[in-house]
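Source file run09.cif; content: mmCIF, C-alpha atoms and all ligand atoms.
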```
data_start
#
loop_
_atom_site.label_atom_id
_atom_site.label_comp_id
_atom_site.auth_asym_id
_atom_site.auth_seq_id
_atom_site.Cartn_x
_atom_site.Cartn_y
_atom_site.Cartn_z
CA MET F 272 56.61 216.80 208.23
CA PRO F 273 56.98 214.23 211.02
CA THR F 274 53.91 214.13 213.21
CA LEU F 275 55.77 213.59 216.47
CA MET F 276 57.74 216.24 218.30
CA PRO F 277 61.38 215.24 218.80
CA THR F 278 61.12 215.26 222.58
CA GLN F 279 58.79 212.36 223.02
CA MET F 280 57.34 211.74 226.43
CA LYS F 281 59.40 209.27 228.41
CA ASN F 282 57.60 209.25 231.74
CA ILE F 283 53.91 209.15 232.24
CA PRO F 284 53.14 212.14 234.49
CA THR F 285 51.32 211.41 237.72
CA GLN F 286 48.35 213.73 238.04
CA SER F 287 45.18 213.52 240.05
CA ILE F 288 44.26 210.49 237.99
CA ASN F 289 46.94 207.91 238.69
CA LYS F 290 47.96 207.29 235.08
CA GLN F 291 50.42 204.60 236.08
CA ALA F 292 47.63 202.66 237.78
CA VAL F 293 45.31 203.18 234.79
CA ALA F 294 48.06 201.94 232.45
CA GLU F 295 48.59 198.88 234.66
CA SER F 296 44.88 197.97 234.62
CA PHE F 297 44.76 198.19 230.84
CA SER F 298 48.07 196.37 230.47
CA LYS F 299 46.79 193.50 232.60
CA ALA F 300 43.69 193.29 230.42
CA ALA F 301 45.49 193.70 227.08
CA LYS F 302 45.87 190.04 226.18
CA HIS F 303 42.20 189.15 226.64
CA TYR F 304 40.72 192.60 225.98
CA ASP F 305 39.22 191.72 222.59
CA HIS F 306 37.28 188.82 224.10
CA PHE F 307 35.43 191.15 226.49
CA ALA F 308 35.20 194.28 224.33
CA GLN F 309 31.88 193.83 222.48
CA LEU F 310 30.50 197.17 223.71
CA GLN F 311 33.73 198.94 222.74
CA ARG F 312 33.54 197.37 219.26
CA ASP F 313 29.87 198.34 218.79
CA VAL F 314 30.51 201.93 219.88
CA GLY F 315 33.74 202.12 217.86
CA ASP F 316 31.99 200.80 214.73
CA GLN F 317 29.37 203.49 215.05
CA LEU F 318 32.13 206.10 215.43
CA LEU F 319 34.00 204.66 212.45
CA ASN F 320 30.83 204.86 210.32
CA MET F 321 30.72 208.59 211.09
CA VAL F 322 34.33 208.91 209.91
CA ILE F 323 33.75 206.95 206.71
CA LYS F 324 30.52 208.80 205.90
CA ASP F 325 32.29 212.18 206.29
CA GLU F 326 35.74 211.43 204.98
CA SER F 327 35.35 208.96 202.10
CA HIS F 328 35.09 211.77 199.57
CA SER F 329 38.26 213.37 200.93
CA PHE F 330 41.57 212.67 199.14
CA ALA F 331 43.81 214.43 201.61
CA ILE F 332 43.83 212.25 204.72
CA ASN F 333 47.56 211.73 205.15
CA ASP F 334 48.14 211.66 208.90
CA ILE F 335 45.84 209.88 211.31
CA VAL F 336 46.12 209.14 215.02
CA ASP F 337 44.18 206.40 216.76
CA LEU F 338 44.19 208.00 220.20
CA GLY F 339 43.99 205.33 222.91
CA CYS F 340 44.17 202.63 220.25
CA GLY F 341 43.99 199.69 222.70
CA THR F 342 44.70 196.43 220.86
CA GLY F 343 44.42 198.12 217.46
CA TYR F 344 41.06 196.66 216.43
CA PHE F 345 40.05 200.03 214.97
CA THR F 346 43.57 200.91 213.80
CA GLU F 347 43.30 197.91 211.50
CA LYS F 348 39.95 199.10 210.17
CA LEU F 349 41.24 202.65 209.72
CA SER F 350 44.25 201.28 207.89
CA SER F 351 42.16 199.27 205.44
CA HIS F 352 39.91 202.25 204.75
CA PHE F 353 42.65 204.88 204.55
CA CYS F 354 45.23 202.60 202.96
CA HIS F 355 47.52 205.44 201.82
CA SER F 356 47.59 207.26 205.16
CA ASN F 357 50.15 207.13 207.97
CA ILE F 358 48.54 206.06 211.21
CA THR F 359 50.01 206.61 214.67
CA CYS F 360 48.88 204.16 217.32
CA PHE F 361 48.88 206.10 220.57
CA ASP F 362 48.22 204.58 223.99
CA LEU F 363 49.19 204.91 227.64
CA SER F 364 49.81 201.18 227.91
CA ALA F 365 52.91 199.69 226.28
CA THR F 366 51.30 196.26 226.57
CA MET F 367 48.31 197.44 224.54
CA LEU F 368 50.72 198.72 221.88
CA ASP F 369 52.41 195.29 221.86
CA GLN F 370 49.03 193.77 221.02
CA VAL F 371 48.68 196.16 218.07
CA LYS F 372 52.13 195.15 216.81
CA LYS F 373 50.96 191.54 216.58
CA ARG F 374 48.41 192.63 213.94
CA HIS F 375 51.21 193.64 211.50
CA ILE F 376 49.22 196.56 210.13
CA ASN F 377 50.69 198.51 207.21
CA ASN F 378 51.78 202.14 207.56
CA VAL F 379 51.54 202.38 211.35
CA THR F 380 53.91 203.83 213.92
CA PHE F 381 53.66 203.47 217.68
CA GLN F 382 53.75 206.07 220.41
CA GLN F 383 53.24 205.47 224.11
CA GLY F 384 51.83 208.55 225.81
CA ASP F 385 49.09 210.34 227.64
CA ILE F 386 46.04 212.03 226.08
CA ASP F 387 46.60 214.93 228.50
CA ASN F 388 50.11 215.51 227.19
CA LEU F 389 50.04 214.98 223.42
CA PRO F 390 53.39 214.86 221.63
CA PHE F 391 52.17 215.83 218.14
CA HIS F 392 53.35 218.87 216.21
CA GLU F 393 50.93 221.74 215.76
CA ASN F 394 48.92 221.51 212.53
CA SER F 395 50.24 218.05 211.75
CA LEU F 396 47.20 215.75 211.74
CA ASP F 397 44.29 215.33 209.35
CA LEU F 398 42.20 213.02 211.47
CA ILE F 399 42.05 211.87 215.08
CA TYR F 400 39.94 208.85 215.96
CA SER F 401 39.44 208.03 219.62
CA ASN F 402 37.05 205.36 220.81
CA LEU F 403 36.13 205.30 224.52
CA VAL F 404 39.33 206.88 225.81
CA VAL F 405 38.81 210.52 226.82
CA GLN F 406 36.81 209.50 229.88
CA TRP F 407 40.30 208.68 231.25
CA SER F 408 41.50 212.27 230.78
CA ASP F 409 42.38 214.31 233.81
CA ASN F 410 41.15 217.48 232.22
CA LEU F 411 39.05 217.23 229.09
CA GLU F 412 39.62 220.85 228.13
CA VAL F 413 43.42 220.46 228.24
CA CYS F 414 43.14 217.29 226.18
CA LEU F 415 40.83 218.85 223.57
CA GLN F 416 42.89 222.04 223.28
CA GLN F 417 45.89 219.86 222.40
CA VAL F 418 43.82 217.83 219.97
CA HIS F 419 42.71 221.06 218.31
CA LYS F 420 46.31 222.33 218.08
CA SER F 421 47.54 219.07 216.59
CA LEU F 422 44.97 219.12 213.80
CA LYS F 423 45.64 220.80 210.46
CA ALA F 424 43.20 223.48 209.28
CA GLU F 425 39.87 221.71 208.66
CA GLY F 426 41.25 218.54 210.23
CA ARG F 427 38.69 216.55 212.17
CA CYS F 428 38.48 214.55 215.32
CA TYR F 429 35.97 211.84 216.16
CA PHE F 430 35.52 210.84 219.79
CA SER F 431 33.29 208.58 221.74
CA THR F 432 33.16 208.84 225.51
CA LEU F 433 30.95 207.92 228.45
CA LEU F 434 28.54 210.19 230.29
CA ASN F 435 27.16 210.22 233.79
CA GLY F 436 24.60 207.48 234.23
CA THR F 437 27.18 204.95 233.01
CA LEU F 438 27.51 201.96 235.39
CA ASP F 439 24.73 203.45 237.53
CA GLU F 440 23.26 200.09 238.52
CA LEU F 441 26.64 198.87 239.78
CA THR F 442 27.25 202.15 241.63
CA GLN F 443 23.87 201.86 243.36
CA ALA F 444 24.36 198.19 244.18
CA TRP F 445 27.75 198.89 245.81
CA LYS F 446 26.12 201.55 248.00
CA GLN F 447 24.23 198.71 249.68
CA VAL F 448 27.57 197.11 250.58
CA ASP F 449 29.72 200.04 251.77
CA GLN F 450 30.28 203.74 251.20
CA ASN F 451 33.64 203.43 249.37
CA PRO F 452 33.89 204.43 245.71
CA HIS F 453 33.77 201.32 243.52
CA THR F 454 33.06 202.94 240.17
CA ASN F 455 34.40 206.09 238.53
CA SER F 456 32.18 209.08 237.91
CA PHE F 457 31.62 210.37 234.38
CA LEU F 458 31.11 213.89 233.05
CA SER F 459 27.65 215.22 232.23
CA LEU F 460 26.64 216.08 228.68
CA LYS F 461 26.32 219.71 229.82
CA HIS F 462 29.93 219.73 231.03
CA ILE F 463 31.16 218.20 227.78
CA LYS F 464 29.23 220.76 225.71
CA GLU F 465 30.60 223.62 227.84
CA THR F 466 34.13 222.25 227.49
CA LEU F 467 33.83 221.91 223.72
CA ALA F 468 32.59 225.50 223.55
CA LYS F 469 35.92 226.65 225.04
CA VAL F 470 37.93 224.99 222.26
CA PRO F 471 37.98 226.94 218.98
CA PHE F 472 36.55 224.18 216.76
CA SER F 473 34.67 225.61 213.77
CA GLN F 474 32.01 222.92 213.92
CA VAL F 475 30.93 220.37 216.52
CA ASN F 476 28.26 217.65 216.35
CA ILE F 477 27.30 215.67 219.41
CA THR F 478 25.01 212.66 219.58
CA THR F 479 24.22 210.40 222.50
CA GLU F 480 22.76 206.96 223.02
CA ARG F 481 22.01 204.62 225.89
CA ARG F 482 23.27 201.06 225.66
CA VAL F 483 22.31 198.40 228.18
CA LEU F 484 24.30 195.21 228.68
CA TYR F 485 22.92 192.15 230.50
CA TYR F 486 24.71 189.73 232.80
CA GLU F 487 23.84 186.56 234.70
CA ASN F 488 25.27 187.66 238.06
CA VAL F 489 27.56 190.20 239.74
CA ILE F 490 30.65 188.06 239.19
CA GLU F 491 30.06 188.38 235.45
CA VAL F 492 29.57 192.15 235.77
CA MET F 493 32.86 192.56 237.63
CA ARG F 494 34.65 190.15 235.29
CA ALA F 495 33.47 192.13 232.25
CA LEU F 496 34.86 195.41 233.63
CA LYS F 497 38.14 193.78 234.59
CA GLY F 498 38.30 192.07 231.19
CA VAL F 499 38.50 195.42 229.39
CA GLY F 500 40.79 196.97 232.01
CA ALA F 501 38.15 199.45 233.13
CA ASN F 502 38.34 198.38 236.76
CA HIS F 503 40.72 201.05 238.04
CA VAL F 504 38.80 203.32 240.41
CA HIS F 505 40.39 206.76 240.79
CA GLY F 506 41.67 207.50 244.29
CA HIS F 507 41.26 203.90 245.33
CA HIS F 508 44.52 202.06 245.80
CA SER F 509 43.88 198.44 245.20
CA LEU F 510 40.71 196.62 244.53
CA GLN F 511 39.74 194.46 247.43
CA ARG F 512 39.39 190.78 246.69
CA LEU F 513 35.71 190.12 246.50
CA GLY F 514 34.88 187.50 249.09
CA ARG F 515 31.73 185.41 249.04
CA GLN F 516 29.98 187.58 251.62
CA ILE F 517 30.61 190.80 249.66
CA LEU F 518 29.47 189.23 246.41
CA LYS F 519 26.29 188.09 248.15
CA GLN F 520 25.65 191.63 249.43
CA LEU F 521 26.43 193.09 246.02
CA GLN F 522 24.05 190.68 244.29
CA ALA F 523 21.36 191.69 246.84
CA GLY F 524 22.06 195.38 246.17
CA TYR F 525 21.59 194.70 242.46
CA GLN F 526 18.01 193.40 242.94
CA PRO F 527 16.28 196.61 241.70
CA PHE F 528 18.20 196.33 238.43
CA ILE F 529 17.33 192.77 237.50
CA ASP F 530 14.95 192.36 234.54
CA GLU F 531 12.01 189.93 234.12
CA GLN F 532 14.38 187.30 232.75
CA GLY F 533 16.60 187.48 235.83
CA ARG F 534 19.41 189.35 234.04
CA LEU F 535 21.46 192.12 235.66
CA LYS F 536 21.33 195.36 233.67
CA LEU F 537 24.34 197.61 233.23
CA THR F 538 23.88 200.96 231.51
CA TYR F 539 26.38 202.81 229.34
CA GLN F 540 25.53 206.39 228.34
CA VAL F 541 27.58 206.96 225.21
CA CYS F 542 28.44 210.30 223.63
CA TYR F 543 29.79 210.69 220.08
CA ILE F 544 31.58 213.89 219.12
CA GLU F 545 32.67 215.04 215.66
CA ALA F 546 34.65 218.28 215.69
CA THR F 547 36.30 220.22 212.85
CA LYS F 548 39.20 222.68 213.30
C1 LIG F 601 38.33 201.21 226.57
S1 LIG F 601 39.93 201.05 225.87
C2 LIG F 601 39.58 201.47 224.17
C3 LIG F 601 40.62 200.93 223.24
C4 LIG F 601 40.32 201.13 221.76
N1 LIG F 601 40.15 202.52 221.43
C5 LIG F 601 39.10 200.33 221.38
O1 LIG F 601 38.10 200.94 221.02
O2 LIG F 601 39.15 199.10 221.43
C6 LIG F 601 40.75 202.50 226.46
C7 LIG F 601 42.20 202.62 226.00
O3 LIG F 601 42.66 203.92 226.38
C8 LIG F 601 43.95 203.80 226.91
N2 LIG F 601 44.14 204.94 227.83
C9 LIG F 601 43.61 205.12 229.05
N3 LIG F 601 44.01 206.30 229.57
C10 LIG F 601 44.82 206.86 228.64
C11 LIG F 601 45.55 208.07 228.60
N4 LIG F 601 45.55 208.92 229.63
N5 LIG F 601 46.29 208.34 227.51
C12 LIG F 601 46.33 207.47 226.46
N6 LIG F 601 45.64 206.30 226.44
C13 LIG F 601 44.90 206.01 227.52
C14 LIG F 601 43.99 202.45 227.58
O4 LIG F 601 45.30 201.95 227.75
C15 LIG F 601 43.14 201.62 226.62
O5 LIG F 601 43.93 201.02 225.64
#
```
Kindly present the structure from the file in structure tokens form.
Amino acid sequence: MPTLMPTQMKNIPTQSINKQAVAESFSKAAKHYDHFAQLQRDVGDQLLNMVIKDESHSFAINDIVDLGCGTGYFTEKLSSHFCHSNITCFDLSATMLDQVKKRHINNVTFQQGDIDNLPFHENSLDLIYSNLVVQWSDNLEVCLQQVHKSLKAEGRCYFSTLLNGTLDELTQAWKQVDQNPHTNSFLSLKHIKETLAKVPFSQVNITTERRVLYYENVIEVMRALKGVGANHVHGHHSLQRLGRQILKQLQAGYQPFIDEQGRLKLTYQVCYIEATK
């Protein structure tokens, strides 16, 4: 059975998260994304290890989706591990999908779309892998209900996402500059657990970890976020150009979060979810 419904999404719906703007940020970053994406690779590798540990004994993984596949770094790994499976690369950004195409991975198809409006047939997927994407969902419950529907009986999904506390140092530092939002907010673990409880998964495992990245100065911090396309701030039209004065104020605001070696800390609270239908 084909995994995609015949009426594939043509337009990206505009909801309270401006999906078009999110897509543009990621598209702008697509070409150089891999250069900046060490955290995403580390988290994704951990998520992939969970998949391999659980699924290597299974012979019946036919249909896989890499949800929010980005440049396809993990699609390629999934394809070499599950070499007889069909993998759909799914992403909001057409430019990201173009990057995946350059990898010439076997057995993949491409689908541009939105995690809040999944185009997959009911009961059509064995495995959904999604590394650091669902934090861009407008409504996690809607997204997860669709994920659940798309999975076959006993199909599994593996997600990583970010929790509140992520980018806290930068959020605090910006508060010393002005009162505008400069970072997005992230869901709490409690909210994620409550949301998962509303979706009829038969089994759910959640683990969390804190990762801290270190930078030389605020320019590097901002460059790193822009480099992976994660610089779109919801409800904020365009990012102001950061003049010298603002950067100076931001660096001053960052003072409480500088370690003994003079490095700027940036925290990521990561959540890993394995759920079985
Ligand atoms: C942080 S990147 C992760 C990419 C890839 N999973 C990885 O680990 O390298 C997030 C990806 O999610 C995609 N994305 C963001 N919002 C999305 C949405 N609403 N629907 C589908 N994809 C989305 C972005 O275009 C981007 O490629």
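Going from CA of Arg534 in chain F to CA of Tyr486 in chain F covers 5.5 Å.
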* To do: For range 413-417 of chain F, work out the shell of residues within 7 Å, counting all atoms listed in the file and skipping chain neighbours fewer than 6 positions away, then give it as an MDAnalysis selection string.
  => chainID F and resid 386:387 389 470
* Step by step, measure atom-to-atom distances between ligand LIG 601 (chain F) and each residue using all atoms listed in the file, keep those at most 6 Å, then write them as a list in words. => Ala294, Phe297, Gln311, Gly315, Gly339, Cys340, Gly341, Tyr344, Asp362, Leu363, Ser364, Met367, Gly384, Asp385, Ile386, Ser401, Asn402, Leu403, Val404, Trp407 and Ser408 of chain F
* What's the 12 Å shell around His375 in chain F, counting all atoms listed in the file, without same-chain residues fewer than 3 positions away, as JSON, numbers by chain? -> {"F": [342, 343, 344, 346, 347, 350, 368, 369, 370, 371, 372, 378, 379, 380, 381]}
* Close residues, Leu310 in chain F itself excluded, 12 Å, only C-alpha atoms, min 6 positions apart in chain, as a VMD selection string -> chain F and resid 304 316 to 317 402 to 403 431 433 481 to 485 495 to 496 498 to 499 537 to 541
Box in all listed atoms of range 354-364 of chain F, axis-aligned, with 5 Å more on each side; write out centre and edge lengths in Å to one decimal as JSON.
```
{"center_x": 47.7, "center_y": 204.2, "center_z": 214.9, "size_x": 14.9, "size_y": 16.1, "size_z": 36.1}
```
Reconstruct all heavy atoms of range 437-448 of chain F from the incomplete input and present them as a PDB file, in the coordinates of the input.
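And here's out.pdb as it stands now:
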```pdb
ATOM      1  N   THR F 437      26.454 206.186 233.348  1.00  0.00           N
ATOM      2  CA  THR F 437      27.180 204.950 233.010  1.00  0.00           C
ATOM      3  C   THR F 437      27.497 204.166 234.295  1.00  0.00           C
ATOM      4  O   THR F 437      27.934 204.764 235.277  1.00  0.00           O
ATOM      5  CB  THR F 437      28.481 205.312 232.256  1.00  0.00           C
ATOM      6  OG1 THR F 437      28.119 205.931 231.032  1.00  0.00           O
ATOM      7  CG2 THR F 437      29.347 204.103 231.995  1.00  0.00           C
ATOM      8  N   LEU F 438      27.252 202.885 234.267  1.00  0.00           N
ATOM      9  CA  LEU F 438      27.510 201.960 235.390  1.00  0.00           C
ATOM     10  C   LEU F 438      26.659 202.288 236.617  1.00  0.00           C
ATOM     11  O   LEU F 438      27.000 201.887 237.746  1.00  0.00           O
ATOM     12  CB  LEU F 438      28.999 201.935 235.797  1.00  0.00           C
ATOM     13  CG  LEU F 438      30.048 201.678 234.727  1.00  0.00           C
ATOM     14  CD1 LEU F 438      31.450 201.588 235.363  1.00  0.00           C
ATOM     15  CD2 LEU F 438      29.782 200.398 233.966  1.00  0.00           C
ATOM     16  N   ASP F 439      25.566 203.013 236.401  1.00  0.00           N
ATOM     17  CA  ASP F 439      24.730 203.450 237.530  1.00  0.00           C
ATOM     18  C   ASP F 439      24.237 202.302 238.397  1.00  0.00           C
ATOM     19  O   ASP F 439      24.227 202.405 239.628  1.00  0.00           O
ATOM     20  CB  ASP F 439      23.506 204.216 236.997  1.00  0.00           C
ATOM     21  CG  ASP F 439      23.495 205.632 237.515  1.00  0.00           C
ATOM     22  OD1 ASP F 439      24.526 206.054 238.073  1.00  0.00           O
ATOM     23  OD2 ASP F 439      22.457 206.304 237.378  1.00  0.00           O
ATOM     24  N   GLU F 440      23.813 201.221 237.755  1.00  0.00           N
ATOM     25  CA  GLU F 440      23.260 200.090 238.520  1.00  0.00           C
ATOM     26  C   GLU F 440      24.313 199.534 239.470  1.00  0.00           C
ATOM     27  O   GLU F 440      24.034 199.259 240.636  1.00  0.00           O
ATOM     28  CB  GLU F 440      22.778 198.971 237.569  1.00  0.00           C
ATOM     29  CG  GLU F 440      21.650 199.378 236.638  1.00  0.00           C
ATOM     30  CD  GLU F 440      22.132 200.012 235.335  1.00  0.00           C
ATOM     31  OE1 GLU F 440      23.348 200.313 235.235  1.00  0.00           O
ATOM     32  OE2 GLU F 440      21.300 200.226 234.444  1.00  0.00           O
ATOM     33  N   LEU F 441      25.557 199.415 238.953  1.00  0.00           N
ATOM     34  CA  LEU F 441      26.640 198.870 239.780  1.00  0.00           C
ATOM     35  C   LEU F 441      26.968 199.837 240.928  1.00  0.00           C
ATOM     36  O   LEU F 441      27.192 199.420 242.064  1.00  0.00           O
ATOM     37  CB  LEU F 441      27.871 198.630 238.894  1.00  0.00           C
ATOM     38  CG  LEU F 441      29.071 197.989 239.572  1.00  0.00           C
ATOM     39  CD1 LEU F 441      28.725 196.610 240.136  1.00  0.00           C
ATOM     40  CD2 LEU F 441      30.245 197.863 238.597  1.00  0.00           C
ATOM     41  N   THR F 442      26.972 201.136 240.607  1.00  0.00           N
ATOM     42  CA  THR F 442      27.250 202.150 241.630  1.00  0.00           C
ATOM     43  C   THR F 442      26.222 202.045 242.752  1.00  0.00           C
ATOM     44  O   THR F 442      26.564 202.051 243.942  1.00  0.00           O
ATOM     45  CB  THR F 442      27.204 203.565 241.004  1.00  0.00           C
ATOM     46  OG1 THR F 442      28.057 203.566 239.870  1.00  0.00           O
ATOM     47  CG2 THR F 442      27.651 204.641 241.976  1.00  0.00           C
ATOM     48  N   GLN F 443      24.947 201.951 242.360  1.00  0.00           N
ATOM     49  CA  GLN F 443      23.870 201.860 243.360  1.00  0.00           C
ATOM     50  C   GLN F 443      23.980 200.576 244.161  1.00  0.00           C
ATOM     51  O   GLN F 443      23.794 200.582 245.383  1.00  0.00           O
ATOM     52  CB  GLN F 443      22.489 201.919 242.667  1.00  0.00           C
ATOM     53  CG  GLN F 443      22.193 203.209 241.927  1.00  0.00           C
ATOM     54  CD  GLN F 443      22.426 204.450 242.794  1.00  0.00           C
ATOM     55  OE1 GLN F 443      22.127 204.458 243.973  1.00  0.00           O
ATOM     56  NE2 GLN F 443      23.009 205.478 242.187  1.00  0.00           N
ATOM     57  N   ALA F 444      24.274 199.484 243.482  1.00  0.00           N
ATOM     58  CA  ALA F 444      24.360 198.190 244.180  1.00  0.00           C
ATOM     59  C   ALA F 444      25.486 198.217 245.220  1.00  0.00           C
ATOM     60  O   ALA F 444      25.315 197.728 246.345  1.00  0.00           O
ATOM     61  CB  ALA F 444      24.594 197.078 243.159  1.00  0.00           C
ATOM     62  N   TRP F 445      26.631 198.825 244.852  1.00  0.00           N
ATOM     63  CA  TRP F 445      27.750 198.890 245.810  1.00  0.00           C
ATOM     64  C   TRP F 445      27.387 199.707 247.036  1.00  0.00           C
ATOM     65  O   TRP F 445      27.901 199.460 248.144  1.00  0.00           O
ATOM     66  CB  TRP F 445      28.996 199.501 245.133  1.00  0.00           C
ATOM     67  CG  TRP F 445      29.932 198.484 244.545  1.00  0.00           C
ATOM     68  CD1 TRP F 445      30.246 198.320 243.233  1.00  0.00           C
ATOM     69  CD2 TRP F 445      30.685 197.489 245.255  1.00  0.00           C
ATOM     70  NE1 TRP F 445      31.150 197.297 243.084  1.00  0.00           N
ATOM     71  CE2 TRP F 445      31.443 196.771 244.305  1.00  0.00           C
ATOM     72  CE3 TRP F 445      30.807 197.135 246.602  1.00  0.00           C
ATOM     73  CZ2 TRP F 445      32.299 195.719 244.660  1.00  0.00           C
ATOM     74  CZ3 TRP F 445      31.660 196.089 246.961  1.00  0.00           C
ATOM     75  CH2 TRP F 445      32.385 195.399 245.992  1.00  0.00           C
ATOM     76  N   LYS F 446      26.504 200.709 246.850  1.00  0.00           N
ATOM     77  CA  LYS F 446      26.120 201.550 248.000  1.00  0.00           C
ATOM     78  C   LYS F 446      25.413 200.729 249.077  1.00  0.00           C
ATOM     79  O   LYS F 446      25.351 201.140 250.234  1.00  0.00           O
ATOM     80  CB  LYS F 446      25.230 202.708 247.532  1.00  0.00           C
ATOM     81  CG  LYS F 446      26.057 203.796 246.868  1.00  0.00           C
ATOM     82  CD  LYS F 446      25.269 205.045 246.592  1.00  0.00           C
ATOM     83  CE  LYS F 446      26.186 206.066 245.927  1.00  0.00           C
ATOM     84  NZ  LYS F 446      25.479 206.985 245.046  1.00  0.00           N
ATOM     85  N   GLN F 447      24.869 199.589 248.705  1.00  0.00           N
ATOM     86  CA  GLN F 447      24.230 198.710 249.680  1.00  0.00           C
ATOM     87  C   GLN F 447      25.273 197.885 250.436  1.00  0.00           C
ATOM     88  O   GLN F 447      24.956 197.221 251.415  1.00  0.00           O
ATOM     89  CB  GLN F 447      23.225 197.755 248.998  1.00  0.00           C
ATOM     90  CG  GLN F 447      22.164 198.444 248.156  1.00  0.00           C
ATOM     91  CD  GLN F 447      21.420 199.512 248.942  1.00  0.00           C
ATOM     92  OE1 GLN F 447      20.962 199.258 250.052  1.00  0.00           O
ATOM     93  NE2 GLN F 447      21.326 200.707 248.362  1.00  0.00           N
ATOM     94  N   VAL F 448      26.520 197.910 249.936  1.00  0.00           N
ATOM     95  CA  VAL F 448      27.570 197.110 250.580  1.00  0.00           C
ATOM     96  C   VAL F 448      28.421 197.989 251.500  1.00  0.00           C
ATOM     97  O   VAL F 448      28.637 197.679 252.658  1.00  0.00           O
ATOM     98  CB  VAL F 448      28.478 196.437 249.511  1.00  0.00           C
ATOM     99  CG1 VAL F 448      29.581 195.611 250.174  1.00  0.00           C
ATOM    100  CG2 VAL F 448      27.653 195.573 248.576  1.00  0.00           C
TER     101      VAL F 448
END
```
